[in-house]
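Peer 1: I'd like to ask you about the structure that follows.
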Protein chains: 2
Amino acid sequence: MTIHMNLGEDSYDIIVERGILERAGEHLELDRRVLIVTDSGVPSDYAEILAKQCRQGVICRLDQGEGSKSLDGFARLLETMLEQGFSRRDCVVAVGGGVVGDLSGFAASAYMRGIDFYNIPTTLLSQIDSSIGGKTAINFCGVKNVVGAFYQPKKVLVDPDLLATLPKRQISNGLAEAVKMSLTSDRELFELFESGDAESNIDTVIVRSLNVKKKVVEQDEREAGLRRVLNFGHTVGHGIESSEGMSELYHGECVALGMIPMCGERVRPRLIKVLKRYGLYRRLQYDWEKIALAAFHDKKADGDSVTVVTVDEVGSFEMKKMNCLDVIELAKNSLEGLVE
Amino acid sequence: MTIHMNLGEDSYDIIVERGILERAGEHLELDRRVLIVTDSGVPSDYAEILAKQCRQGVICRLDQGEGSKSLDGFARLLETMLEQGFSRRDCVVAVGGGVVGDLSGFAASAYMRGIDFYNIPTTLLSQIDSSIGGKTAINFCGVKNVVGAFYQPKKVLVDPDLLATLPKRQISNGLAEAVKMSLTSDRELFELFESGDAESNIDTVIVRSLNVKKKVVEQDEREAGLRRVLNFGHTVGHGIESSEGMSELYHGECVALGMIPMCGERVRPRLIKVLKRYGLYRRLQYDWEKIALAAFHDKKADGDSVTVVTVDEVGSFEMKKMNCLDVIELAKNSLEGLVE
């Protein structure tokens with residue numbers, strides 16, 4: 001199935017197809033120098049399967065984890081391309097999750113002011129979310145995604161077969177973002193989660209989530225307004241993620257928690273039930289000062305108030321300006337009170 | 001005089017006006033956090049005059065020279081913005097030459113994936129050339145401008161009064177790019193150079209050069225084709241510049257030399273006469289191996305051949321594909337044979 005992202009000159013296709021990694025050369029222009037970026041958490045044969053299809057494939061394997069999404073990681077990719085004599089006509093392919101995609105997309109955007117970038121996401125989270133939308137970034141001085149570029153891939157290949165080797169916790173991590181899309185924009189998808197059949201219908205979850213994101217990104221490529229709906233659960237979620245040192249919890253796990261305060265009374269119990277079912281519910285010792293600092297040192301900060309997305313009815317949302325302190329207070333009240 | 005750059009959503013104005021620095025606040029939105037980037041070669045009162053017009057101006061003074069246009073310099077600007085709590089709605093203003101503009105433009109493009117950028121160029125070279133066109137960059141691993149972004153300023157203020165304190169060599173450095181524009185695209189401007197009156201008509205030189213560049217950039221924002229005309233003299237020029245360790249010679253001085261091989265028999269003696277008149281003519285000990293390596297490790301390289309711009313008649317140009325080795329051979333023959 002092909003999902004076409006209509007973004008004018010920056011338009012591109014997302015192709016969702018089992019086994020497409022083996023046939024990547026039919027869809028991507030690989031008859032050139034290709035920097036294949038992957039990490040130690042991705043089965044190494046994925047990058048090798050791709051490299052065999054390139055005229056000159058150079059594999060760069062990062063250490064798994066957010067730590068690689070740094071200025072040093074950025075410099076390492078650029079250096080590798082320079083050493084290998086990459087020209088403006090060569091390209092970068094990400095074969096991995098969000099860390100690999102964000103870092104290599106930013107490197108592709110900056111090398112010679114921009115060379116072609118393809119993404120082959122290998123985690124559920126990146127297949128349904130981070131591989132599309134054109135947001136590339138690195139973490140800097142302890143702040144997530146604070147340095148980067150809006151840079152669209154030339155093509156995204158989504159191969160659900162690659163999920164077979166993914167640990168269960170990583171699947172849940174991805175489902176969190178799908179739950180997010182369903183809560184704000186796709187009631188039927190949320191009901192699929194409630195039915196408990198999400199994992200056996202993973203292709204449906206991927207395609208429906210991609211379609212939600214497609215519609216939002218097409219209307220708001222540069223995150224000026226509507227796109228904030230994708231940040232549902234993310235203000236508090238990012239705060240938790242950063243305060244936890246960017247390592248303990250996964251992104252989706254933090255977003256899962258971040259959504260709870262932003263749901264109305266009727267929706268919250270349904271959400272919690274879904275989160276429990278998919279292993280996304282937990283109680284933490286929160287450090288609210290750290291969370292506040294991290295949440296509002298983020299790109300969503302704007303003076304003393306912040307735009308948050310709330311859901312009072314499954315499948316629809318509202319945007320409101322809220323005082324930063326009130327957001328933290330609300331989060332504190334809803335999350336501290338949770339029981340097993 | 002206002003020159004409007006028509007670049008769709010990225011359109012902006014260049015305002016050329018004596019004394020405009022003192023009135024910058026009338027043209028730029030300064031009622032926010034403003035990172036003012038300057039360097040030790042720029043009179044310090046320029047940045048201070050601007051800072052007084054800002055709600056919260058933060059001056060960042062770099063060391064003068066290409067050395068600051070580095071990944072470290074990039075990190076330093078980003079760090080300063082983070083420390084000062086810059087949000088997505090704050091901005092960066094460059095007050096300096098090409099180094100300051102290139103570095104701070106790239107930092108503005110990357111901070112939170114892009115915040116507003118203004119440029120107040122203080123050298124002749126940046127007033128007529130590097131401050132417009134949207135090319136931002138840093139040097140990396142010894143290669144000039146190899147990492148960066150296409151990122152348009154929101155406004156450019158050109159104040160010819162700021163040139164009063166500029167050393168003569170820096171004026172010549174800027175004139176070289178104006179000579180370049182005139183050779184390929186403005187016969188009358190070249191005749192002004194031949195008449196020897198360029199320096200006393202500097203406002204005319206600036207405006208005419210900006211108009212040449214405007215027309216080219218509007219037609220080819222991303223440097224896919226026509227924009228290569230602006231690279232006239234730059235393939236060999238960049239090679240010389242890099243081989244000289246990026247410090248001995250100024251950019252314009254290298255471009256001046258780089259143009260000589262690319263002119264036809266009738267134009268070359270006229271060019272040399274003009275270069276001599278404006279202090280841009282010199283004989284060097286060339287290291288052709290280094291020059292070749294640097295010239296073709298550049299963004300203009302593309303496999304084994306390169307597109308060069310040649311001028312057989314003043315005010316017009318041709319583009320040709322040439323083998324890289326032939327370019328070096330041509331440069332060697334024309335430059336080694338020069339006499340005083």
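By order of appearance in the structure tokens: chains A, B, ..., then residues from 1 within every chain, and ligands from 1 in the order shown.
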Tell me the residues of chain B close to chain A, meaning within 9 Å using only C-alpha atoms, as a PDB file with N, CA and C atoms, in the first residue's frame.
Peer 2:
ATOM      1  N   LEU B  71      32.206  23.487  13.711  1.00  0.00           N
ATOM      2  CA  LEU B  71      31.196  22.796  14.505  1.00  0.00           C
ATOM      3  C   LEU B  71      31.211  23.315  15.946  1.00  0.00           C
ATOM      4  N   ALA B  75      28.123  24.957  17.927  1.00  0.00           N
ATOM      5  CA  ALA B  75      27.679  24.482  19.240  1.00  0.00           C
ATOM      6  C   ALA B  75      27.630  25.630  20.242  1.00  0.00           C
ATOM      7  N   LEU B  78      24.453  27.702  19.776  1.00  0.00           N
ATOM      8  CA  LEU B  78      23.272  26.947  20.223  1.00  0.00           C
ATOM      9  C   LEU B  78      23.218  26.897  21.749  1.00  0.00           C
ATOM     10  N   GLU B  79      24.372  26.678  22.341  1.00  0.00           N
ATOM     11  CA  GLU B  79      24.457  26.606  23.796  1.00  0.00           C
ATOM     12  C   GLU B  79      24.042  27.931  24.428  1.00  0.00           C
ATOM     13  N   LEU B  82      20.315  28.249  24.325  1.00  0.00           N
ATOM     14  CA  LEU B  82      19.687  27.380  25.325  1.00  0.00           C
ATOM     15  C   LEU B  82      19.822  27.969  26.723  1.00  0.00           C
ATOM     16  N   GLY B  85      17.535  30.668  27.457  1.00  0.00           N
ATOM     17  CA  GLY B  85      16.120  30.317  27.390  1.00  0.00           C
ATOM     18  C   GLY B  85      15.421  30.745  26.117  1.00  0.00           C
ATOM     19  N   PHE B  86      16.152  30.789  24.999  1.00  0.00           N
ATOM     20  CA  PHE B  86      15.517  31.174  23.734  1.00  0.00           C
ATOM     21  C   PHE B  86      14.418  30.187  23.355  1.00  0.00           C
ATOM     22  N   SER B  87      13.269  30.721  22.939  1.00  0.00           N
ATOM     23  CA  SER B  87      12.194  29.878  22.427  1.00  0.00           C
ATOM     24  C   SER B  87      12.199  29.985  20.903  1.00  0.00           C
ATOM     25  N   ARG B  88      11.262  29.276  20.327  1.00  0.00           N
ATOM     26  CA  ARG B  88      11.114  29.269  18.889  1.00  0.00           C
ATOM     27  C   ARG B  88      10.750  30.630  18.312  1.00  0.00           C
ATOM     28  N   ARG B  89      10.257  31.511  19.135  1.00  0.00           N
ATOM     29  CA  ARG B  89       9.839  32.831  18.652  1.00  0.00           C
ATOM     30  C   ARG B  89      10.932  33.871  18.764  1.00  0.00           C
ATOM     31  N   ALA B 107      23.148  28.296  12.597  1.00  0.00           N
ATOM     32  CA  ALA B 107      22.654  28.075  13.970  1.00  0.00           C
ATOM     33  C   ALA B 107      21.165  28.426  14.065  1.00  0.00           C
ATOM     34  N   SER B 109      19.012  28.278  11.678  1.00  0.00           N
ATOM     35  CA  SER B 109      18.252  27.257  10.938  1.00  0.00           C
ATOM     36  C   SER B 109      18.038  26.001  11.768  1.00  0.00           C
ATOM     37  N   ALA B 110      18.992  25.712  12.648  1.00  0.00           N
ATOM     38  CA  ALA B 110      18.963  24.438  13.378  1.00  0.00           C
ATOM     39  C   ALA B 110      18.340  24.552  14.769  1.00  0.00           C
ATOM     40  N   TYR B 111      18.406  25.726  15.374  1.00  0.00           N
ATOM     41  CA  TYR B 111      17.884  25.851  16.740  1.00  0.00           C
ATOM     42  C   TYR B 111      16.378  25.650  16.717  1.00  0.00           C
ATOM     43  N   MET B 112      15.914  24.638  17.440  1.00  0.00           N
ATOM     44  CA  MET B 112      14.495  24.279  17.428  1.00  0.00           C
ATOM     45  C   MET B 112      13.960  24.120  15.996  1.00  0.00           C
ATOM     46  N   ARG B 113      14.827  23.664  15.113  1.00  0.00           N
ATOM     47  CA  ARG B 113      14.519  23.459  13.693  1.00  0.00           C
ATOM     48  C   ARG B 113      14.189  24.746  12.960  1.00  0.00           C
ATOM     49  N   GLY B 114      14.722  25.860  13.464  1.00  0.00           N
ATOM     50  CA  GLY B 114      14.582  27.095  12.700  1.00  0.00           C
ATOM     51  C   GLY B 114      13.888  28.222  13.419  1.00  0.00           C
ATOM     52  N   LYS B 135      22.414  30.781   1.633  1.00  0.00           N
ATOM     53  CA  LYS B 135      23.372  29.702   1.872  1.00  0.00           C
ATOM     54  C   LYS B 135      24.054  29.934   3.212  1.00  0.00           C
ATOM     55  N   THR B 136      23.826  29.020   4.157  1.00  0.00           N
ATOM     56  CA  THR B 136      24.492  29.111   5.445  1.00  0.00           C
ATOM     57  C   THR B 136      25.382  27.884   5.556  1.00  0.00           C
ATOM     58  N   ALA B 137      26.449  27.965   6.327  1.00  0.00           N
ATOM     59  CA  ALA B 137      27.350  26.816   6.402  1.00  0.00           C
ATOM     60  C   ALA B 137      28.446  26.990   7.422  1.00  0.00           C
ATOM     61  N   PHE B 140      34.209  22.056   7.749  1.00  0.00           N
ATOM     62  CA  PHE B 140      34.254  20.796   8.505  1.00  0.00           C
ATOM     63  C   PHE B 140      35.365  19.917   7.948  1.00  0.00           C
ATOM     64  N   CYS B 141      36.196  19.402   8.839  1.00  0.00           N
ATOM     65  CA  CYS B 141      37.316  18.553   8.419  1.00  0.00           C
ATOM     66  C   CYS B 141      38.130  19.221   7.316  1.00  0.00           C
ATOM     67  N   VAL B 143      37.196  21.202   5.008  1.00  0.00           N
ATOM     68  CA  VAL B 143      36.496  21.497   3.754  1.00  0.00           C
ATOM     69  C   VAL B 143      35.535  22.666   3.977  1.00  0.00           C
ATOM     70  N   ASN B 145      32.527  25.128   3.874  1.00  0.00           N
ATOM     71  CA  ASN B 145      31.085  25.179   3.620  1.00  0.00           C
ATOM     72  C   ASN B 145      30.445  23.831   3.330  1.00  0.00           C
ATOM     73  N   VAL B 146      31.013  22.762   3.828  1.00  0.00           N
ATOM     74  CA  VAL B 146      30.514  21.440   3.435  1.00  0.00           C
ATOM     75  C   VAL B 146      29.327  20.997   4.292  1.00  0.00           C
ATOM     76  N   VAL B 147      29.080  21.701   5.377  1.00  0.00           N
ATOM     77  CA  VAL B 147      27.940  21.378   6.248  1.00  0.00           C
ATOM     78  C   VAL B 147      27.123  22.652   6.448  1.00  0.00           C
ATOM     79  N   GLY B 148      25.822  22.569   6.178  1.00  0.00           N
ATOM     80  CA  GLY B 148      25.013  23.775   6.326  1.00  0.00           C
ATOM     81  C   GLY B 148      23.572  23.570   5.922  1.00  0.00           C
ATOM     82  N   ALA B 149      22.912  24.667   5.592  1.00  0.00           N
ATOM     83  CA  ALA B 149      21.499  24.598   5.226  1.00  0.00           C
ATOM     84  C   ALA B 149      21.181  25.718   4.255  1.00  0.00           C
ATOM     85  N   PHE B 150      20.155  25.508   3.433  1.00  0.00           N
ATOM     86  CA  PHE B 150      19.572  26.624   2.705  1.00  0.00           C
ATOM     87  C   PHE B 150      18.557  27.246   3.657  1.00  0.00           C
ATOM     88  N   HIS B 297      36.695  18.296  -3.803  1.00  0.00           N
ATOM     89  CA  HIS B 297      36.075  17.697  -2.626  1.00  0.00           C
ATOM     90  C   HIS B 297      34.920  18.594  -2.222  1.00  0.00           C
ATOM     91  N   ASP B 298      34.661  19.525  -3.088  1.00  0.00           N
ATOM     92  CA  ASP B 298      33.720  20.602  -2.816  1.00  0.00           C
ATOM     93  C   ASP B 298      32.343  20.196  -3.322  1.00  0.00           C
ATOM     94  N   LYS B 299      31.350  20.983  -2.968  1.00  0.00           N
ATOM     95  CA  LYS B 299      29.982  20.651  -3.387  1.00  0.00           C
ATOM     96  C   LYS B 299      29.791  20.713  -4.889  1.00  0.00           C
ATOM     97  N   LYS B 300      30.680  21.392  -5.590  1.00  0.00           N
ATOM     98  CA  LYS B 300      30.523  21.458  -7.043  1.00  0.00           C
ATOM     99  C   LYS B 300      31.056  20.204  -7.728  1.00  0.00           C
ATOM    100  N   ALA B 301      31.699  19.351  -6.982  1.00  0.00           N
ATOM    101  CA  ALA B 301      32.225  18.135  -7.587  1.00  0.00           C
ATOM    102  C   ALA B 301      31.087  17.176  -7.902  1.00  0.00           C
ATOM    103  N   ASP B 302      31.245  16.422  -8.936  1.00  0.00           N
ATOM    104  CA  ASP B 302      30.206  15.464  -9.290  1.00  0.00           C
ATOM    105  C   ASP B 302      30.874  14.407 -10.140  1.00  0.00           C
ATOM    106  N   GLY B 303      31.385  13.386  -9.477  1.00  0.00           N
ATOM    107  CA  GLY B 303      32.123  12.364 -10.209  1.00  0.00           C
ATOM    108  C   GLY B 303      33.404  12.972 -10.740  1.00  0.00           C
TER     109      GLY B 303
END
Peer 1: So which residues of segment 58-279 of chain A fall under strand (DSSP E or B) by DSSP, listed as a PyMOL selection string?
Peer 2: chain A and resi 58-62+91-96+111+116-121+135-140+143-150+155-158+263
Peer 1: Take the residues from that selection and write them out as a short mmCIF file (atom, residue, chain, number, x, y, z; two decimals), in the first residue's frame, keeping N, CA and C atoms.
Peer 2:
data_model
loop_
_atom_site.label_atom_id
_atom_site.label_comp_id
_atom_site.auth_asym_id
_atom_site.auth_seq_id
_atom_site.Cartn_x
_atom_site.Cartn_y
_atom_site.Cartn_z
N VAL A 58 27.92 2.09 2.30
CA VAL A 58 28.82 2.23 3.45
C VAL A 58 27.96 2.14 4.69
N ILE A 59 28.19 1.08 5.50
CA ILE A 59 27.36 0.91 6.69
C ILE A 59 27.99 1.62 7.89
N CYS A 60 27.21 2.42 8.57
CA CYS A 60 27.68 3.09 9.78
C CYS A 60 26.77 2.62 10.92
N ARG A 61 27.35 1.88 11.86
CA ARG A 61 26.55 1.31 12.94
C ARG A 61 26.77 2.09 14.23
N LEU A 62 25.73 2.72 14.71
CA LEU A 62 25.81 3.51 15.94
C LEU A 62 25.54 2.62 17.14
N CYS A 91 23.55 9.66 -1.29
CA CYS A 91 22.39 9.66 -0.39
C CYS A 91 22.63 8.95 0.93
N VAL A 92 21.68 9.13 1.83
CA VAL A 92 21.71 8.51 3.15
C VAL A 92 20.44 7.67 3.31
N VAL A 93 20.58 6.46 3.87
CA VAL A 93 19.41 5.65 4.20
C VAL A 93 19.47 5.28 5.68
N ALA A 94 18.40 5.54 6.39
CA ALA A 94 18.29 5.12 7.78
C ALA A 94 17.67 3.74 7.81
N VAL A 95 18.31 2.81 8.52
CA VAL A 95 17.74 1.49 8.75
C VAL A 95 17.73 1.28 10.26
N GLY A 96 16.65 1.70 10.90
CA GLY A 96 16.60 1.61 12.35
C GLY A 96 15.38 2.33 12.88
N TYR A 111 24.61 17.85 5.07
CA TYR A 111 25.77 17.53 4.23
C TYR A 111 25.64 18.23 2.88
N ASP A 116 19.96 13.52 -0.77
CA ASP A 116 18.77 12.67 -0.65
C ASP A 116 18.80 11.80 0.61
N PHE A 117 17.62 11.68 1.19
CA PHE A 117 17.47 10.88 2.41
C PHE A 117 16.30 9.91 2.23
N TYR A 118 16.54 8.62 2.54
CA TYR A 118 15.49 7.61 2.55
C TYR A 118 15.39 7.04 3.96
N ASN A 119 14.23 6.56 4.31
CA ASN A 119 14.08 5.97 5.62
C ASN A 119 13.44 4.58 5.52
N ILE A 120 14.08 3.61 6.17
CA ILE A 120 13.51 2.26 6.28
C ILE A 120 13.39 1.97 7.78
N PRO A 121 12.29 2.40 8.38
CA PRO A 121 12.14 2.26 9.84
C PRO A 121 11.98 0.79 10.22
N LYS A 135 10.64 15.74 10.53
CA LYS A 135 11.34 16.33 11.66
C LYS A 135 12.60 15.53 11.94
N THR A 136 13.75 16.16 11.76
CA THR A 136 15.01 15.51 12.07
C THR A 136 15.64 16.29 13.22
N ALA A 137 16.46 15.65 14.01
CA ALA A 137 17.02 16.37 15.16
C ALA A 137 18.07 15.56 15.89
N ILE A 138 18.81 16.27 16.71
CA ILE A 138 19.68 15.66 17.71
C ILE A 138 19.32 16.26 19.07
N ASN A 139 19.75 15.58 20.12
CA ASN A 139 19.65 16.13 21.47
C ASN A 139 20.88 16.99 21.71
N PHE A 140 20.75 17.99 22.57
CA PHE A 140 21.87 18.90 22.77
C PHE A 140 21.79 19.47 24.17
N VAL A 143 18.86 18.52 26.21
CA VAL A 143 17.50 18.83 25.76
C VAL A 143 17.20 18.04 24.49
N LYS A 144 16.08 17.33 24.53
CA LYS A 144 15.71 16.45 23.41
C LYS A 144 15.36 17.26 22.16
N ASN A 145 15.88 16.85 21.03
CA ASN A 145 15.46 17.35 19.72
C ASN A 145 15.55 18.86 19.57
N VAL A 146 16.46 19.49 20.28
CA VAL A 146 16.46 20.96 20.26
C VAL A 146 17.26 21.53 19.09
N VAL A 147 18.00 20.66 18.41
CA VAL A 147 18.77 21.10 17.24
C VAL A 147 18.42 20.18 16.08
N GLY A 148 18.04 20.74 14.96
CA GLY A 148 17.66 19.89 13.83
C GLY A 148 17.17 20.68 12.65
N ALA A 149 16.42 20.00 11.79
CA ALA A 149 15.92 20.64 10.57
C ALA A 149 14.59 20.00 10.18
N PHE A 150 13.77 20.76 9.49
CA PHE A 150 12.64 20.14 8.79
C PHE A 150 13.19 19.66 7.46
N LYS A 155 11.76 9.01 0.16
CA LYS A 155 10.85 7.87 0.20
C LYS A 155 11.00 7.16 1.55
N VAL A 156 9.90 6.55 2.01
CA VAL A 156 9.93 5.76 3.24
C VAL A 156 9.41 4.37 2.91
N LEU A 157 10.18 3.35 3.26
CA LEU A 157 9.74 1.97 3.05
C LEU A 157 9.42 1.35 4.41
N VAL A 158 8.18 0.93 4.57
CA VAL A 158 7.76 0.33 5.85
C VAL A 158 7.53 -1.16 5.63
N CYS A 263 -6.54 13.85 29.24
CA CYS A 263 -7.83 13.28 28.87
C CYS A 263 -8.91 13.72 29.87
#
Peer 1: Measure the distance from atom CA of Ile115 of chain A to atom CA of Val37 of chain B in Å and round it to one decimal.
Peer 2: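 Computing the Euclidean distance for atom CA of Ile115 of chain A and atom CA of Val37 of chain B yields 28.2 Å.
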Peer 1: For Val179 of chain A, which residue among A:Asp63, A:Glu253, A:Asp159, A:Glu241 is the nearest when counting only C-alpha atoms?
Peer 2: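 Of A:Asp63, A:Glu253, A:Asp159, A:Glu241, the one nearest Val179 of chain A is A:Glu253, counting only C-alpha atoms.
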Peer 1: For atom CA of Gly134 of chain B and atom CA of Ser209 of chain B, determine how far apart the two atoms are, in Å to one decimal place.
Peer 2: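 If I compute the distance from atom CA of Gly134 of chain B to atom CA of Ser209 of chain B, I get 16.0 Å.
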